[in-house]
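File shown: coords28.pdb. Contents: PDB, C-alpha atoms.
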ATOM      1  CA  MET A   5    -101.873 -84.190-113.134  1.00  0.00           C
ATOM      2  CA  SER A   6    -102.409 -81.922-110.187  1.00  0.00           C
ATOM      3  CA  ALA A   7    -102.233 -78.152-110.224  1.00  0.00           C
ATOM      4  CA  PHE A   8    -100.381 -78.396-106.893  1.00  0.00           C
ATOM      5  CA  GLU A   9     -97.785 -80.732-108.410  1.00  0.00           C
ATOM      6  CA  VAL A  10     -97.273 -78.322-111.301  1.00  0.00           C
ATOM      7  CA  GLY A  11     -97.034 -75.378-108.897  1.00  0.00           C
ATOM      8  CA  MET A  12     -94.408 -77.140-106.798  1.00  0.00           C
ATOM      9  CA  LEU A  13     -92.320 -78.002-109.845  1.00  0.00           C
ATOM     10  CA  VAL A  14     -92.583 -74.476-111.255  1.00  0.00           C
ATOM     11  CA  CYS A  15     -91.573 -72.889-107.941  1.00  0.00           C
ATOM     12  CA  PHE A  16     -88.580 -75.176-107.562  1.00  0.00           C
ATOM     13  CA  GLY A  17     -87.771 -74.721-111.241  1.00  0.00           C
ATOM     14  CA  ILE A  18     -87.546 -70.947-110.859  1.00  0.00           C
ATOM     15  CA  SER A  19     -84.894 -71.145-108.156  1.00  0.00           C
ATOM     16  CA  TRP A  20     -82.361 -73.347-109.949  1.00  0.00           C
ATOM     17  CA  PRO A  21     -81.507 -71.037-112.871  1.00  0.00           C
ATOM     18  CA  ILE A  22     -80.815 -68.307-110.298  1.00  0.00           C
ATOM     19  CA  SER A  23     -78.462 -70.615-108.404  1.00  0.00           C
ATOM     20  CA  ILE A  24     -76.764 -71.724-111.617  1.00  0.00           C
ATOM     21  CA  ALA A  25     -76.284 -68.116-112.767  1.00  0.00           C
ATOM     22  CA  LYS A  26     -74.721 -67.190-109.411  1.00  0.00           C
ATOM     23  CA  SER A  27     -72.324 -70.131-109.620  1.00  0.00           C
ATOM     24  CA  LEU A  28     -71.309 -69.184-113.140  1.00  0.00           C
ATOM     25  CA  ARG A  29     -70.906 -65.506-112.282  1.00  0.00           C
ATOM     26  CA  THR A  30     -68.951 -65.868-109.041  1.00  0.00           C
ATOM     27  CA  ARG A  31     -67.360 -69.293-109.495  1.00  0.00           C
ATOM     28  CA  ILE A  32     -67.879 -69.750-105.747  1.00  0.00           C
ATOM     29  CA  VAL A  33     -69.956 -72.661-104.488  1.00  0.00           C
ATOM     30  CA  ALA A  34     -69.391 -72.246-100.753  1.00  0.00           C
ATOM     31  CA  GLY A  35     -72.564 -72.935 -98.828  1.00  0.00           C
ATOM     32  CA  LYS A  36     -74.018 -75.311-101.384  1.00  0.00           C
ATOM     33  CA  SER A  37     -74.598 -78.898-100.338  1.00  0.00           C
ATOM     34  CA  PRO A  38     -73.790 -81.608-102.878  1.00  0.00           C
ATOM     35  CA  LEU A  39     -75.625 -84.127-100.702  1.00  0.00           C
ATOM     36  CA  PHE A  40     -78.783 -81.992-100.792  1.00  0.00           C
ATOM     37  CA  MET A  41     -78.562 -81.559-104.568  1.00  0.00           C
ATOM     38  CA  GLY A  42     -77.921 -85.296-105.017  1.00  0.00           C
ATOM     39  CA  VAL A  43     -80.983 -86.168-102.947  1.00  0.00           C
ATOM     40  CA  LEU A  44     -83.041 -83.718-105.014  1.00  0.00           C
ATOM     41  CA  CYS A  45     -81.818 -85.373-108.226  1.00  0.00           C
ATOM     42  CA  LEU A  46     -82.845 -88.744-106.827  1.00  0.00           C
ATOM     43  CA  GLY A  47     -86.253 -87.365-105.864  1.00  0.00           C
ATOM     44  CA  TYR A  48     -86.838 -85.942-109.339  1.00  0.00           C
ATOM     45  CA  ALA A  49     -85.745 -89.260-110.870  1.00  0.00           C
ATOM     46  CA  PHE A  50     -88.322 -91.051-108.702  1.00  0.00           C
ATOM     47  CA  GLY A  51     -90.941 -88.522-109.804  1.00  0.00           C
ATOM     48  CA  ILE A  52     -90.094 -89.210-113.443  1.00  0.00           C
ATOM     49  CA  LEU A  53     -90.293 -92.977-112.881  1.00  0.00           C
ATOM     50  CA  HIS A  54     -93.672 -92.603-111.210  1.00  0.00           C
ATOM     51  CA  LYS A  55     -94.972 -90.543-114.115  1.00  0.00           C
ATOM     52  CA  LEU A  56     -93.621 -93.002-116.683  1.00  0.00           C
ATOM     53  CA  LEU A  57     -94.996 -96.073-114.909  1.00  0.00           C
ATOM     54  CA  TYR A  58     -98.307 -94.871-113.447  1.00  0.00           C
ATOM     55  CA  SER A  59     -99.582 -91.543-114.746  1.00  0.00           C
ATOM     56  CA  LEU A  60     -97.815 -90.358-117.868  1.00  0.00           C
ATOM     57  CA  ASP A  61     -98.634 -86.762-118.731  1.00  0.00           C
ATOM     58  CA  TRP A  62     -96.822 -83.604-119.769  1.00  0.00           C
ATOM     59  CA  VAL A  63     -95.736 -82.880-116.189  1.00  0.00           C
ATOM     60  CA  VAL A  64     -92.966 -85.456-116.649  1.00  0.00           C
ATOM     61  CA  GLY A  65     -91.263 -82.740-118.699  1.00  0.00           C
ATOM     62  CA  LEU A  66     -91.212 -80.443-115.672  1.00  0.00           C
ATOM     63  CA  TYR A  67     -89.622 -83.195-113.590  1.00  0.00           C
ATOM     64  CA  ALA A  68     -87.013 -83.743-116.310  1.00  0.00           C
ATOM     65  CA  LEU A  69     -86.288 -80.017-116.591  1.00  0.00           C
ATOM     66  CA  ASN A  70     -85.863 -79.697-112.819  1.00  0.00           C
ATOM     67  CA  LEU A  71     -83.623 -82.764-112.756  1.00  0.00           C
ATOM     68  CA  ALA A  72     -81.468 -81.272-115.518  1.00  0.00           C
ATOM     69  CA  LEU A  73     -81.205 -77.937-113.677  1.00  0.00           C
ATOM     70  CA  VAL A  74     -80.245 -79.506-110.344  1.00  0.00           C
ATOM     71  CA  ALA A  75     -77.759 -81.819-112.062  1.00  0.00           C
ATOM     72  CA  THR A  76     -76.233 -78.780-113.789  1.00  0.00           C
ATOM     73  CA  ASP A  77     -75.881 -76.976-110.475  1.00  0.00           C
ATOM     74  CA  LEU A  78     -74.344 -80.104-108.949  1.00  0.00           C
ATOM     75  CA  ALA A  79     -71.862 -80.368-111.826  1.00  0.00           C
ATOM     76  CA  LEU A  80     -70.930 -76.703-111.342  1.00  0.00           C
ATOM     77  CA  TYR A  81     -70.368 -77.407-107.659  1.00  0.00           C
ATOM     78  CA  PHE A  82     -67.732 -80.000-108.487  1.00  0.00           C
ATOM     79  CA  LYS A  83     -66.252 -77.891-111.284  1.00  0.00           C
ATOM     80  CA  PHE A  84     -65.753 -74.845-109.064  1.00  0.00           C
ATOM     81  CA  LEU A  85     -64.986 -76.686-105.816  1.00  0.00           C
ATOM     82  CA  PRO A  86     -61.183 -76.167-106.044  1.00  0.00           C
ATOM     83  CA  HIS A  87     -61.784 -72.410-106.300  1.00  0.00           C
ATOM     84  CA  THR A  88     -63.842 -72.428-103.110  1.00  0.00           C
ATOM     85  CA  ALA A  89     -61.237 -73.866-100.753  1.00  0.00           C
ATOM     86  CA  PRO A  90     -58.551 -71.174-101.210  1.00  0.00           C
ATOM     87  CA  ALA A  91     -61.121 -68.368-100.933  1.00  0.00           C
ATOM     88  CA  ALA A  92     -62.514 -69.867 -97.744  1.00  0.00           C
ATOM     89  CA  ALA A  93     -58.994 -70.279 -96.321  1.00  0.00           C
ATOM     90  CA  ARG A  94     -58.190 -66.637 -97.025  1.00  0.00           C
ATOM     91  CA  ALA A  95     -61.418 -65.475 -95.420  1.00  0.00           C
ATOM     92  CA  SER A  96     -60.924 -67.339 -92.140  1.00  0.00           C
ATOM     93  CA  PRO A  97     -58.874 -65.595 -89.440  1.00  0.00           C
ATOM     94  CA  PRO A  98     -55.522 -67.167 -88.470  1.00  0.00           C
TER      95      PRO A  98
END
Can you give me the file's structure in the form of structure tokens?
Amino acid sequence: MSAFEVGMLVCFGISWPISIAKSLRTRIVAGKSPLFMGVLCLGYAFGILHKLLYSLDWVVGLYALNLALVATDLALYFKFLPHTAPAAARASPP
């Protein structure tokens, strides 16, 4: 375990509940990138695999929590995506 690894996971972990709350409150996901969130999920999954195979410690829980938060935000993206398109169409000038 590294204090820097924990710090990175905590900093990233703080941002996702804020993003999730905004998605739930506004139901608008414009500006979010599903590709970016998918790559993050993959990265956290690789981090979990590394911890499970090579250096199991409690930090694996932080990886799992971050993965769950990003996956939740990604799911909200797809849930609210139909609501984004009409709002974006109304906002653009003719």
If we count all atoms listed in the file, what is near A:Phe50 at a cut-off of 10 Å, once residues fewer than 6 positions away on the same chain are taken out, given as a list in words? Leu44, Leu56 and Tyr67 of chain A
List the residues selected by the PyMOL selection byres ((chain A and resi 79) around 12) in the file shown, writing them as a PyMOL selection string. chain A and resi 24+27-28+33+36-38+41-42+45+72-78+80-85
Taking all atoms of stretch 69-83 of chain A that the file lists and extending 8 Å past them on each side, where is the centre of the axis-aligned box and how long are its edges? Answer in Å to one decimal, as JSON.
{"center_x": -76.3, "center_y": -79.7, "center_z": -112.1, "size_x": 36.0, "size_y": 22.1, "size_z": 24.9}
What does the PyMOL selection byres ((chain A and resi 8-17) around 8) select in this file, as a ChimeraX atom specification? /A:5-7,18-21,63,66-67,69-70,73
Can you work out the spacing between atom CA of A:Ser23 and atom CA of A:Leu53 in Å, to one decimal?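 Between atom CA of A:Ser23 and atom CA of A:Leu53 the gap works out to 25.7 Å.
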Between atom CA of A:Ile52 and atom CA of A:Lys26, measure the distance and give it in Å to one decimal.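 Taking atom CA of A:Ile52 as the start and atom CA of A:Lys26 as the end point, the length is 27.2 Å.
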Two-atom distance - atom CA of A:Tyr48, atom CA of A:Ile22 (Å): 18.7 Å
Taking only C-alpha atoms into account, name the residue in A:Pro86, A:Leu71, A:Ala34, A:Trp62 that is nearest to A:Leu46. A:Leu71
